[in-house]
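What follows is the content of run05.txt, which has compact mmCIF, C-alpha atoms and all ligand atoms:
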# COMPACT_ATOMS: atom_id res chain seq x y z
CA MET A 179 23.91 30.36 42.79
CA ALA A 180 21.06 28.28 41.45
CA PRO A 181 17.84 28.56 43.44
CA THR A 182 17.21 25.45 45.44
CA VAL A 183 14.26 23.51 44.09
CA LYS A 184 13.18 20.28 45.62
CA PRO A 185 13.26 17.39 43.18
CA LYS A 186 9.71 16.50 44.18
CA SER A 187 8.25 19.86 43.15
CA LEU A 188 10.17 19.69 39.87
CA PHE A 189 8.60 16.35 39.23
CA LEU A 190 5.12 17.72 39.97
CA LEU A 191 5.76 20.69 37.67
CA HIS A 192 6.86 18.34 34.91
CA LEU A 193 3.76 16.25 35.44
CA ALA A 194 1.52 19.31 35.28
CA ILE A 195 3.12 20.51 32.03
CA SER A 196 2.92 17.09 30.44
CA PHE A 197 -0.71 16.81 31.34
CA GLN A 198 -1.43 20.20 29.85
CA ILE A 199 0.33 19.24 26.63
CA PHE A 200 -1.70 16.06 26.58
CA LEU A 201 -4.90 18.07 26.96
CA ILE A 202 -3.93 20.43 24.14
CA THR A 203 -2.94 17.71 21.69
CA SER A 204 -5.90 15.49 22.46
CA LYS A 205 -8.21 18.44 22.02
CA SER A 206 -6.80 19.33 18.60
CA THR A 207 -7.05 15.76 17.34
CA ASP A 208 -10.64 15.47 18.54
CA ALA A 209 -12.05 18.01 16.11
CA ALA A 210 -12.21 17.06 12.43
CA PRO A 211 -9.90 19.19 10.29
CA VAL A 212 -11.51 21.91 8.22
CA PRO A 213 -10.40 22.97 4.73
CA ALA A 214 -8.25 26.09 4.50
CA PRO A 215 -10.21 29.00 3.03
CA TRP A 216 -9.06 29.99 -0.45
CA PRO A 217 -6.50 32.81 -0.32
CA PRO A 218 -8.10 36.07 -1.51
CA GLN A 219 -5.78 36.11 -4.53
CA PHE A 220 -3.93 33.27 -6.19
CA HIS A 221 -2.85 31.77 -9.48
CA ALA A 222 -3.08 28.05 -10.03
CA ILE A 223 -2.25 25.87 -12.99
CA LEU A 224 -4.64 22.94 -13.14
CA PHE A 225 -4.68 19.81 -15.24
CA MET A 226 -8.26 18.84 -15.91
CA ASN A 227 -9.63 15.54 -17.14
CA ASN A 228 -13.22 15.34 -18.22
CA SER A 229 -13.79 11.70 -19.17
CA GLY A 230 -10.58 11.67 -21.17
CA THR A 231 -10.86 15.21 -22.56
CA LEU A 232 -7.76 16.94 -21.23
CA GLN A 233 -7.25 20.63 -20.48
CA LYS A 234 -4.69 22.85 -18.90
CA VAL A 235 -6.35 25.66 -16.97
CA ASP A 236 -4.80 28.85 -15.67
CA LEU A 237 -7.00 29.88 -12.78
CA TRP A 238 -6.62 33.44 -11.48
CA TYR A 239 -8.79 33.97 -8.42
CA ASP A 240 -9.14 37.60 -7.36
CA TRP A 241 -11.72 37.98 -4.62
CA PRO A 242 -10.92 41.59 -3.52
CA ASN A 243 -11.60 42.72 -7.08
CA GLY A 244 -14.65 40.47 -7.47
CA ARG A 245 -13.28 38.55 -10.46
CA ASN A 246 -12.11 35.14 -11.49
CA ILE A 247 -10.75 33.92 -14.81
CA ASN A 248 -10.12 30.46 -16.22
CA ILE A 249 -7.84 30.40 -19.25
CA ILE A 250 -8.54 27.02 -20.74
CA GLN A 251 -6.18 25.32 -23.15
CA ASN A 252 -7.86 22.29 -24.65
CA GLN A 253 -5.38 19.59 -25.60
CA LEU A 254 -4.17 20.37 -29.13
CA GLY A 255 -7.23 22.58 -29.46
CA LYS A 256 -8.93 25.81 -28.70
CA LEU A 257 -7.73 28.37 -26.16
CA THR A 258 -10.76 29.84 -24.41
CA TYR A 259 -11.22 32.44 -21.73
CA ASP A 260 -13.88 32.23 -19.08
CA LEU A 261 -14.03 35.53 -17.23
CA GLU A 262 -16.41 35.71 -14.29
CA TRP A 263 -17.44 38.86 -12.43
CA ASP A 264 -18.97 38.93 -8.99
CA ASN A 265 -22.01 40.77 -10.37
CA GLY A 266 -22.99 37.50 -12.10
CA THR A 267 -21.81 38.31 -15.63
CA SER A 268 -19.47 35.85 -17.36
CA TYR A 269 -17.67 36.41 -20.64
CA ILE A 270 -16.57 33.30 -22.49
CA TYR A 271 -14.46 34.08 -25.51
CA THR A 272 -11.55 33.26 -27.77
CA LEU A 273 -8.93 35.78 -28.79
CA ASP A 274 -8.37 34.30 -32.25
CA ALA A 275 -9.65 35.29 -35.69
CA ASN A 276 -13.01 33.61 -35.05
CA LYS A 277 -13.86 36.32 -32.49
CA GLU A 278 -16.20 34.13 -30.55
CA CYS A 279 -17.82 35.45 -27.43
CA ARG A 280 -20.69 34.44 -25.27
CA VAL A 281 -22.07 36.47 -22.38
CA LEU A 282 -23.82 34.65 -19.58
CA HIS A 283 -25.63 36.00 -16.55
CA PHE A 284 -25.68 34.03 -13.34
CA PRO A 285 -27.84 34.86 -10.36
CA VAL A 286 -24.77 34.43 -8.16
CA GLY A 287 -21.29 35.89 -7.99
CA ILE A 288 -17.90 34.23 -7.87
CA LEU A 289 -16.90 31.75 -5.21
CA ARG A 290 -16.32 33.07 -1.72
CA PRO A 291 -12.98 32.25 -0.11
CA SER A 292 -15.03 30.34 2.47
CA TRP A 293 -16.99 28.27 -0.04
CA LEU A 294 -15.72 25.02 1.51
CA ASP A 295 -17.07 25.84 4.95
CA GLY A 296 -19.22 23.08 6.32
CA ALA A 297 -17.72 20.38 4.11
CA GLU A 298 -17.92 16.87 5.52
CA TYR A 299 -14.56 15.42 6.56
CA LEU A 300 -13.82 11.97 5.17
CA GLY A 301 -10.30 11.29 6.49
CA GLN A 302 -6.87 11.10 4.89
CA LYS A 303 -5.80 9.61 1.60
CA TYR A 304 -2.80 9.73 -0.71
CA VAL A 305 -3.50 11.37 -4.04
CA ASP A 306 -0.89 12.36 -6.60
CA LYS A 307 1.72 11.21 -4.05
CA PHE A 308 0.57 13.77 -1.46
CA LEU A 309 -1.03 12.83 1.84
CA CYS A 310 -4.28 14.76 1.86
CA ASN A 311 -7.25 15.52 4.05
CA VAL A 312 -10.41 14.81 2.10
CA TRP A 313 -13.80 16.47 2.32
CA THR A 314 -16.99 16.33 0.35
CA LYS A 315 -19.53 19.05 -0.04
CA VAL A 316 -23.13 18.10 -0.74
CA ASP A 317 -21.89 15.06 -2.69
CA PHE A 318 -21.05 17.41 -5.52
CA ILE A 319 -17.32 17.75 -5.05
CA TRP A 320 -14.57 15.79 -3.33
CA TYR A 321 -11.72 18.07 -2.28
CA TYR A 322 -8.17 16.94 -1.42
CA GLU A 323 -5.85 19.25 0.52
CA ASP A 324 -2.22 18.58 1.44
CA VAL A 325 -2.05 17.70 5.13
CA VAL A 326 1.19 19.63 5.64
CA THR A 327 1.02 22.67 3.37
CA LYS A 328 -2.83 23.01 3.32
CA ARG A 329 -2.67 23.62 -0.42
CA PRO A 330 -5.33 22.07 -2.63
CA VAL A 331 -3.96 19.08 -4.55
CA HIS A 332 -6.92 17.55 -6.32
CA TRP A 333 -10.67 17.70 -6.65
CA VAL A 334 -13.30 15.60 -8.33
CA PHE A 335 -16.82 16.52 -9.33
CA TYR A 336 -19.63 14.01 -9.05
CA THR A 337 -19.48 13.72 -12.85
CA GLY A 338 -15.93 12.36 -12.65
CA TYR A 339 -14.43 15.62 -13.91
CA THR A 340 -11.08 15.92 -12.11
CA ALA A 341 -8.61 18.70 -11.41
CA ASP A 342 -4.99 18.22 -10.39
CA VAL A 343 -3.20 21.26 -9.04
CA ILE A 344 0.23 21.74 -10.61
CA THR A 345 1.12 25.14 -9.20
CA PHE A 346 -0.54 27.25 -6.51
CA LYS A 347 0.89 30.72 -6.11
CA VAL A 348 -0.72 32.62 -3.24
CA GLY A 349 -0.95 36.39 -3.78
CA ALA A 350 -0.35 36.30 -7.54
CA VAL A 351 -2.56 38.75 -9.44
CA LEU A 352 -3.19 38.95 -13.19
CA GLU A 353 -2.56 42.44 -14.62
CA ASP A 354 -5.64 44.61 -15.12
CA PRO A 355 -5.61 44.77 -18.96
CA LYS A 356 -5.95 40.97 -19.10
CA TRP A 357 -9.35 41.25 -17.41
CA GLN A 358 -10.83 43.18 -20.31
CA ALA A 359 -13.21 41.09 -22.42
CA PRO A 360 -12.71 41.79 -26.17
CA VAL A 361 -14.79 44.43 -27.90
CA TYR A 362 -16.85 41.83 -29.81
CA CYS A 363 -18.38 40.74 -26.49
CA PHE A 364 -20.19 44.06 -26.22
CA GLY A 365 -23.08 45.78 -27.92
CA ASN A 366 -24.34 42.84 -29.95
CA GLU A 367 -25.89 40.60 -27.37
CA GLY A 368 -28.82 39.86 -29.66
CA GLU A 369 -26.58 38.69 -32.45
CA GLU A 370 -25.98 34.98 -32.85
CA ARG A 371 -22.37 34.03 -32.29
CA PRO A 372 -20.85 30.62 -32.64
CA LEU A 373 -21.63 29.02 -29.33
CA LEU A 374 -18.73 27.95 -27.20
CA ASN A 375 -20.76 25.02 -26.10
CA SER A 376 -18.05 22.84 -24.67
CA VAL A 377 -16.91 25.71 -22.50
CA VAL A 378 -20.38 26.68 -21.46
CA THR A 379 -21.44 23.21 -20.51
CA ASP A 380 -18.43 21.59 -19.00
CA SER A 381 -15.57 24.02 -18.86
CA SER A 382 -14.26 25.59 -15.80
CA SER A 383 -14.38 24.18 -12.37
CA GLY A 384 -15.03 27.73 -11.26
CA LYS A 385 -18.35 27.85 -13.03
CA LEU A 386 -19.40 24.37 -12.01
CA ILE A 387 -18.58 25.08 -8.42
CA ARG A 388 -20.05 28.53 -8.44
CA GLU A 389 -23.45 27.39 -9.62
CA VAL A 390 -23.77 25.17 -6.59
CA PHE A 391 -21.85 26.92 -3.86
CA SER A 392 -22.05 30.64 -4.28
CA ALA A 393 -25.05 30.75 -2.05
CA PHE A 394 -23.02 29.43 0.89
C1 LIG B 401 -8.65 10.72 -17.83
O1 LIG B 401 -9.76 10.08 -17.21
C2 LIG B 401 -10.11 8.85 -17.80
C3 LIG B 401 -11.35 8.33 -17.06
O2 LIG B 401 -12.40 9.25 -17.15
C4 LIG B 401 -8.98 7.88 -17.70
O3 LIG B 401 -9.31 6.66 -18.36
C5 LIG B 401 -7.74 8.46 -18.34
O4 LIG B 401 -6.64 7.61 -18.12
C6 LIG B 401 -7.42 9.84 -17.75
N1 LIG B 401 -6.31 10.43 -18.48
C7 LIG B 401 -5.28 11.01 -17.87
C8 LIG B 401 -4.23 11.57 -18.75
O5 LIG B 401 -5.22 11.11 -16.66
C1 LIG B 402 -20.53 43.27 -14.37
O1 LIG B 402 -19.25 43.82 -14.38
C2 LIG B 402 -18.58 43.74 -15.64
C3 LIG B 402 -17.17 44.29 -15.46
O2 LIG B 402 -17.17 45.54 -14.90
C4 LIG B 402 -19.38 44.50 -16.68
O3 LIG B 402 -18.75 44.40 -17.94
C5 LIG B 402 -20.79 43.94 -16.75
O4 LIG B 402 -21.57 44.67 -17.63
C6 LIG B 402 -21.42 43.96 -15.36
N1 LIG B 402 -22.71 43.27 -15.42
C7 LIG B 402 -23.81 43.78 -14.91
C8 LIG B 402 -25.04 42.92 -15.01
O5 LIG B 402 -23.84 44.89 -14.37
Encoding of this model in structure tokens:
Amino acid sequence: MAPTVKPKSLFLLHLAISFQIFLITSKSTDAAPVPAPWPPQFHAILFMNNSGTLQKVDLWYDWPNGRNINIIQNQLGKLTYDLEWDNGTSYIYTLDANKECRVLHFPVGILRPSWLDGAEYLGQKYVDKFLCNVWTKVDFIWYYEDVVTKRPVHWVFYTGYTADVITFKVGAVLEDPKWQAPVYCFGNEGEERPLLNSVVTDSSSGKLIREVFSAF
């Protein structure tokens, strides 16, 4: 016992629905896409290229705990740790026999999950075989995000320093003991230590980005 519906009213209903769908889709394509905020906690493996100097970086971002660490493996070279706290203190150290450590104080904390807010949309481009939305922020960084998964794929600093994202594990957290800077970072701040200059000047994307964007 199907209710009797006149074909004409069905047609009008169909027309109305189609028009509504048209309005919805045209509205969503009007606005430029915005970058996904960074998840509050994640682990990413990055391949970095700084004018031919290659690094593998383990980035553990932990916003709820106000901390961020870059574990930087230089190609066939030094393994360095760049531990950043939201209170502005950074510890840059090795865990080898050299016992190097440098403590830095920044006037800003770690990156906010929303640090990409307000970036200028530049359109879509293939990078690393992924179709990406591309944004720039204050001509300091170009940021490529997978159109489908919204994961970051690639970024480039104005210096040409590039990062390619190899893994991106949302919700992964590094165990607490690994966030403890070694004892030789403490109590001897006046003492001269071998300077981890390469790390301090051009290491982690986190630090580069943070200097510019933490105010946002
Ligand atoms: C690293 O970047 C340089 C340009 O700065 C480029 O010539 C080189 O091929 C890159 N190396 C890799 C492994 O991507
Ligand atoms: C910031 O926090 C870290 C970790 O708790 C601590 O070691 C450091 O001394 C703090 N820095 C300041 C300036 O309070």
Residues near range 354-364 of chain A, cut-off 9 Å, all atoms listed in the file, skip fewer than 2 positions along chain, as a short mmCIF file (atom, residue, chain, number, x, y, z; two decimals) with C-alpha atoms, in the coordinates of the input:
data_model
loop_
_atom_site.label_atom_id
_atom_site.label_comp_id
_atom_site.auth_asym_id
_atom_site.auth_seq_id
_atom_site.Cartn_x
_atom_site.Cartn_y
_atom_site.Cartn_z
CA ARG A 245 -13.28 38.55 -10.46
CA ASN A 246 -12.11 35.14 -11.49
CA ILE A 247 -10.75 33.92 -14.81
CA TYR A 259 -11.22 32.44 -21.73
CA LEU A 261 -14.03 35.53 -17.23
CA TYR A 269 -17.67 36.41 -20.64
CA ILE A 270 -16.57 33.30 -22.49
CA TYR A 271 -14.46 34.08 -25.51
CA THR A 272 -11.55 33.26 -27.77
CA LEU A 273 -8.93 35.78 -28.79
CA LYS A 277 -13.86 36.32 -32.49
CA GLU A 278 -16.20 34.13 -30.55
CA CYS A 279 -17.82 35.45 -27.43
CA ARG A 280 -20.69 34.44 -25.27
CA VAL A 281 -22.07 36.47 -22.38
CA VAL A 351 -2.56 38.75 -9.44
CA LEU A 352 -3.19 38.95 -13.19
CA ASN A 366 -24.34 42.84 -29.95
CA GLU A 367 -25.89 40.60 -27.37
#
* Quote the spacing between atom C2 of ligand LIG 401 (chain B) and CA of Thr231 in chain A in Å to one decimal place. =>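 Pair atom C2 of ligand LIG 401 (chain B) / CA of Thr231 in chain A returns 8.0 Å.
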* Produce as a PyMOL selection string the set of residues near ligand LIG 401 (chain B), where near means within 10 Å with only C-alpha atoms and all ligand atoms considered. => chain A and resi 225-233+337-342
* Shortest interatomic distance to ligand LIG 402 (chain B) - which of A:Ala275, A:Leu309, A:Val286, A:Val325, counting only C-alpha atoms and all ligand atoms -> A:Val286
* Check the smallest atom-to-atom distance from each of A:Ile223, A:Ile288, A:Val348, A:Ile249 to ligand LIG 402 (chain B) using all atoms listed in the file, then report the winner. => A:Ile288
Axis-aligned box for ligand LIG 402 (chain B), 5 Å per side, centre and edges in Å as lines of an AutoDock Vina configuration file:
center_x = -21.1
center_y = 44.2
center_z = -16.2
size_x = 17.9
size_y = 12.6
size_z = 13.6
Please report, as a Markdown table, each residue of chain A lying at most 7 Å from ligand LIG 402 (chain B), together with the nearest pair of atoms and the separation in Å rounded to one decimal; use all atoms listed in the file, and order rows by chain and ascending residue number.
| residue | atom | partner | partner_atom | distance |
| --- | --- | --- | --- | --- |
| A:Trp263 | CA | B:LIG402 | O1 | 5.6 |
| A:Asn265 | CA | B:LIG402 | C1 | 4.9 |
| A:Gly266 | CA | B:LIG402 | C8 | 6.5 |
| A:Thr267 | CA | B:LIG402 | N1 | 5.0 |
* To do: For CA of Asp260 in chain A and CA of Lys234 in chain A, determine how far apart the two atoms are, in Å to one decimal place.
  =>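 Separating CA of Asp260 in chain A from CA of Lys234 in chain A is a distance of 13.1 Å.
You can rank A:Glu323, A:Asp274, A:Asp264, A:Glu353 by their closest distance to Gly301 in chain A using all atoms listed in the file, and at the top of that list sits A:Glu323.
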Polymer residues at most 9 Å from Ala297 in chain A, all atoms listed in the file, same-chain spacing of 2 or more positions, as a PDB file with C-alpha atoms, in the frame of the given file:
ATOM      1  CA  VAL A 212     -11.510  21.910   8.220  1.00  0.00           C
ATOM      2  CA  PRO A 213     -10.400  22.970   4.730  1.00  0.00           C
ATOM      3  CA  TRP A 293     -16.990  28.270  -0.040  1.00  0.00           C
ATOM      4  CA  LEU A 294     -15.720  25.020   1.510  1.00  0.00           C
ATOM      5  CA  ASP A 295     -17.070  25.840   4.950  1.00  0.00           C
ATOM      6  CA  TYR A 299     -14.560  15.420   6.560  1.00  0.00           C
ATOM      7  CA  TRP A 313     -13.800  16.470   2.320  1.00  0.00           C
ATOM      8  CA  THR A 314     -16.990  16.330   0.350  1.00  0.00           C
ATOM      9  CA  LYS A 315     -19.530  19.050  -0.040  1.00  0.00           C
ATOM     10  CA  VAL A 316     -23.130  18.100  -0.740  1.00  0.00           C
TER      11      VAL A 316
END
* Coordinates-based distance that separates CA of Pro217 in chain A from CA of Arg290 in chain A (Å, one decimal) -> 9.9 Å
* Residue with smallest distance to Phe318 in chain A - pool A:Gln302, A:Tyr336, A:Glu262, A:Pro330, counting all atoms listed in the file ->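 Of all the options, A:Tyr336 lies closest to Phe318 in chain A.
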* Restricting the calculation to only C-alpha atoms, which member of A:Gly287, A:Gly349, A:Gly296, A:Gly255 is positioned closest to Phe220 in chain A? -> A:Gly349
* Name the closest residue to Val326 in chain A among the candidates A:Ala214, A:Ala209, A:Leu224, A:Asp236; distances are taken between atoms, counting all atoms listed in the file. =>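 Using all atoms listed in the file, Val326 in chain A sits closest to A:Ala214.
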* **Selection: 9 Å around Pro291 in chain A, only C-alpha atoms, excl. self and same-chain fewer than 5 positions, as a ChimeraX atom specification** => /A:215-218,241
